Each structure stands twice: as structure tokens, then as C-alpha cells.
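Colleague: The following block contains the structure, expressed as C-alpha cells.
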Amino acid sequence: GENVEQHPSTLSVQEGDSAVIKCTYSDSASNYFPWYKQELGKRPQLIIDIRSNVGEKKDQRIAVTLNKTAKHFSLHITETQPEDSAVYFCAASILTGGGNKLTFGTGTQLKVEL
Amino acid sequence: DTAVSQTPKYLVTQMGNDKSIKCEQNLGHDTMYWYKQDSKKFLKIMFSYNNKELIINETVPNRFSPKSPDKAHLNLHINSLELGDSAVYFCASSLPSAGGYTFGSGTRLTVV
């Protein structure tokens with residue numbers, strides 16, 4: 001089955017700096033890669049996703065890049081703010097017409113310091 | 001209105017008891033899921049239903065039994081609770097080809 005590795009496990013940055021979180025996946029058939037943000041005590045929320053036919057996607061201060069050959073994808077957050085502090089999860093799956101089994105990475109605790 | 005709602009939010013119970021968690025979504029999604037998040041925050045899939053049909057059943061003890069009476073509801077019943085079952089259980093839903101999940105607010109289960 002799919003295996004997703006995520007690094008680093010913790011990341012501390014100064015407000016205004018950029019943050020990068022990296023993930024690798026094992027199943028070359030995976031074609032869907034979402035990122036979730038989970039604040040303390042809250043539910044995971046989808047912040048951005050990318051499909052395998054696209055190399056990069058941006059949404060304001062966040063962007064995701066995908067390298068299918070190397071089987072890795074990354075989340076980039078620019079101009080970090082204290083409200084970006086949370087646990088971030090990457091995930092991978094094979095989208096089918098039925099269910100979508102997301103395999104999650106182990107999470108990155110991002111702390112944005114003033 | 002909450003898109004994916006779970007009840008109860010907190011559940012404290014003794015070892016050996018049987019308990020249920022309920023989930024409902026009003027998004028019109030066809031697929032629903034149960035995920036377990038352990039103390040290290042790891043999210044692992046347990047079950048998935050598509051239009052009331054079980055399509056994903058991971059290696060989960062038989063003490064866990066999901067039920068989907070219709071495509072808007074997915075419940076989880078747990079028999080003979082053990083200490084190791086303590087975790088946060090998240091329900092989620094998605095459209096078949098859209099990919100992204102909408103998660104419920106979670107149920108924190110504590111077995112004492």
C-alpha cells in the first residue's frame with residue numbers, strides 16, 4: 001500500500017519568514033496530493049491540493065509543488081503569520097470513481113514566532 | 001450549519017463497555033470515512049462507505065463495526081472497549097472524484 005513520509009516533524013520560523021514542508025510517497029499510481037492544517041483541538045482542514053497532471057499550484061501565500069519522477073511534493077508558506085501555527089499534514093491517494101483512500105504523513109508542527 | 005457533524009464530542013467510558021459514535025453530513029457527498037488519530041497525531045483510515053456500501057475496511061479489530069443506514073450517515077460501534085482504543089475519531093466525507101475530505105469535529109474517546 002501507499003506510504004507517505006513527511007519532514008520535518010517540527011518547524012519553527014520567525015514571523016514573515018517562509019516555511020517549507022516536504023513529503024515523499026511510495027506508490028507511483030497516486031495522483032492526488034492534498035495538504036491539511038489542523039489547529040489545536042480542531043478538525044483537519046483542507047488548505048490546498050494538487051493533482052498529478054500539474055507541477056505547481058498557488059493560493060495566495062501557500063503553494064504546493066509536485067515532482068512525480070522523484071515522488072515528492074512540498075508545501076511552501078510565504079510571509080508566515082502567527083495564525084499559521086498548526087500541525088500540517090500531507091496526504092496521497094489514487095482518485096477513483098468510488099472511495100478516495102487518503103494516506104497521511106506523520107504531520108509537521110509549525111510554530112511561527114513573533 | 002455544520003457540514004459534517006459528529007456526536008458525542010467527548011466520550012469517557014470504562015474498559016469492556018460498548019459505545020457508539022454517530023456522524024451525519026449535509027453536503028450531498030457520496031463517500032464517508034472513519035479515521036483514527038492517535039496520541040502522536042497520526043491519522044489512519046479505518047473504514048469507508050460509498051453510497052451505503054463498504055468499500056474500505058482496513059486492518060481494524062472486529063470489535064469495531066461501522067454502519068451506514070443511508071449515504072448521509074455513518075456510525076461507528078465499538079464493542080468491549082480497550083485502553084488502546086483511546087484516541088480522537090474523525091468522520092469525513094467527500095465526492096467520489098473531488099478528492100478532498102471535509103472532516104467532522106472529532107470524538108475524543110477516553111477509555112479508563
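If you're wondering about the labels, chains in the C-alpha cells are A, B, ... by order shown, residues count from 1 in each chain, ligands from 1 in order shown.
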Any idea what's packed within 7 Å of Thr78 (chain A), counting only C-alpha atoms, ignoring anything in its chain fewer than 6 positions away? Could you give it as a VMD selection string?
Modeller: chain A and resid 17 to 19 61 to 62
Colleague: Hey, can you spit out that residue selection with N, CA, C and O atoms as a PDB file, in the first residue's frame?
Modeller:
```pdb
ATOM      1  N   ASP A  17       8.974  35.037   7.755  1.00  0.00           N
ATOM      2  CA  ASP A  17       9.831  34.111   7.015  1.00  0.00           C
ATOM      3  C   ASP A  17       8.980  33.107   6.247  1.00  0.00           C
ATOM      4  O   ASP A  17       7.764  33.038   6.423  1.00  0.00           O
ATOM      5  N   SER A  18       9.647  32.333   5.408  1.00  0.00           N
ATOM      6  CA  SER A  18       8.962  31.261   4.672  1.00  0.00           C
ATOM      7  C   SER A  18       9.136  29.933   5.396  1.00  0.00           C
ATOM      8  O   SER A  18      10.101  29.740   6.142  1.00  0.00           O
ATOM      9  N   ALA A  19       8.186  29.033   5.166  1.00  0.00           N
ATOM     10  CA  ALA A  19       8.250  27.681   5.735  1.00  0.00           C
ATOM     11  C   ALA A  19       8.047  26.679   4.605  1.00  0.00           C
ATOM     12  O   ALA A  19       7.209  26.889   3.724  1.00  0.00           O
ATOM     13  N   ARG A  61      -0.709  32.974  -0.116  1.00  0.00           N
ATOM     14  CA  ARG A  61       0.617  32.775   0.499  1.00  0.00           C
ATOM     15  C   ARG A  61       1.064  31.311   0.508  1.00  0.00           C
ATOM     16  O   ARG A  61       2.159  30.999   0.968  1.00  0.00           O
ATOM     17  N   ILE A  62       0.226  30.411   0.065  1.00  0.00           N
ATOM     18  CA  ILE A  62       0.613  28.994   0.080  1.00  0.00           C
ATOM     19  C   ILE A  62       0.742  28.458  -1.345  1.00  0.00           C
ATOM     20  O   ILE A  62       0.043  28.894  -2.260  1.00  0.00           O
TER      21      ILE A  62
END
```
Colleague: Excluding Gly99 (chain A) and its own-chain neighbours fewer than 2 positions away, which residues fall within 8 Å of it when counting only C-alpha atoms? Please give them as an mmCIF file with N, CA and C atoms, in the first residue's frame.
Modeller:
```
data_model
loop_
_atom_site.group_PDB
_atom_site.id
_atom_site.type_symbol
_atom_site.label_atom_id
_atom_site.label_comp_id
_atom_site.auth_asym_id
_atom_site.auth_seq_id
_atom_site.Cartn_x
_atom_site.Cartn_y
_atom_site.Cartn_z
ATOM 1 N N LEU A 95 -7.199 8.714 -6.952
ATOM 2 C CA LEU A 95 -8.608 9.071 -7.128
ATOM 3 C C LEU A 95 -9.275 8.088 -8.074
ATOM 4 N N THR A 96 -10.386 7.527 -7.606
ATOM 5 C CA THR A 96 -11.168 6.623 -8.448
ATOM 6 C C THR A 96 -12.599 7.142 -8.465
ATOM 7 N N GLY A 97 -13.469 6.443 -9.151
ATOM 8 C CA GLY A 97 -14.865 6.864 -9.168
ATOM 9 C C GLY A 97 -15.579 6.563 -7.871
ATOM 10 N N LYS A 101 -9.061 6.796 -0.725
ATOM 11 C CA LYS A 101 -8.354 6.465 0.496
ATOM 12 C C LYS A 101 -7.130 7.346 0.624
ATOM 13 N N THR B 31 -19.428 9.597 -0.366
ATOM 14 C CA THR B 31 -18.483 8.741 0.345
ATOM 15 C C THR B 31 -18.214 9.294 1.736
ATOM 16 N N SER B 48 -14.429 3.012 4.956
ATOM 17 C CA SER B 48 -15.045 3.952 4.040
ATOM 18 C C SER B 48 -16.283 3.321 3.432
ATOM 19 N N TYR B 49 -17.332 4.144 3.286
ATOM 20 C CA TYR B 49 -18.563 3.711 2.649
ATOM 21 C C TYR B 49 -18.837 4.625 1.461
ATOM 22 N N ASN B 50 -19.263 4.025 0.366
ATOM 23 C CA ASN B 50 -19.700 4.782 -0.790
ATOM 24 C C ASN B 50 -21.151 4.413 -1.075
ATOM 25 N N ILE B 55 -16.518 -0.010 1.231
ATOM 26 C CA ILE B 55 -15.533 -0.161 0.166
ATOM 27 C C ILE B 55 -14.109 -0.206 0.696
ATOM 28 N N ILE B 56 -13.880 0.286 1.899
ATOM 29 C CA ILE B 56 -12.555 0.209 2.508
ATOM 30 C C ILE B 56 -12.730 -0.311 3.928
ATOM 31 N N PRO B 96 -16.879 11.530 -4.945
ATOM 32 C CA PRO B 96 -16.034 10.454 -5.471
ATOM 33 C C PRO B 96 -14.799 10.931 -6.229
#
```
Colleague: Return the neighbours of chain B among the residues of chain A, cut-off 10 Å, counting only C-alpha atoms, as a ChimeraX atom specification.
Modeller: /A:31-36,38,41-51,87,89,91-108
Colleague: For Cys90 (chain A), which residue among A:Ser74, A:Lys68, A:Ser30, A:Val54 is the nearest when counting only C-alpha atoms?
Modeller: A:Ser74
Colleague: Quick check for you: according to DSSP on this backbone, which residues of chain B are classed as strand (DSSP E or B)? Reply as a count of residues only.
Modeller: 63
Colleague: When you count only C-alpha atoms, which of these residues is closest to Lys57 (chain A): A:Leu75, A:Ala86, A:Leu40, A:Val13?
Modeller: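 Nearest to Lys57 (chain A): A:Leu75.
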Colleague: For the atom pair CA of Glu56 (chain A) and CA of Phe73 (chain A), what is the interatomic distance in Å to one decimal place?
Modeller: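 Atom-to-atom, CA of Glu56 (chain A) and CA of Phe73 (chain A) are spaced 9.4 Å apart.
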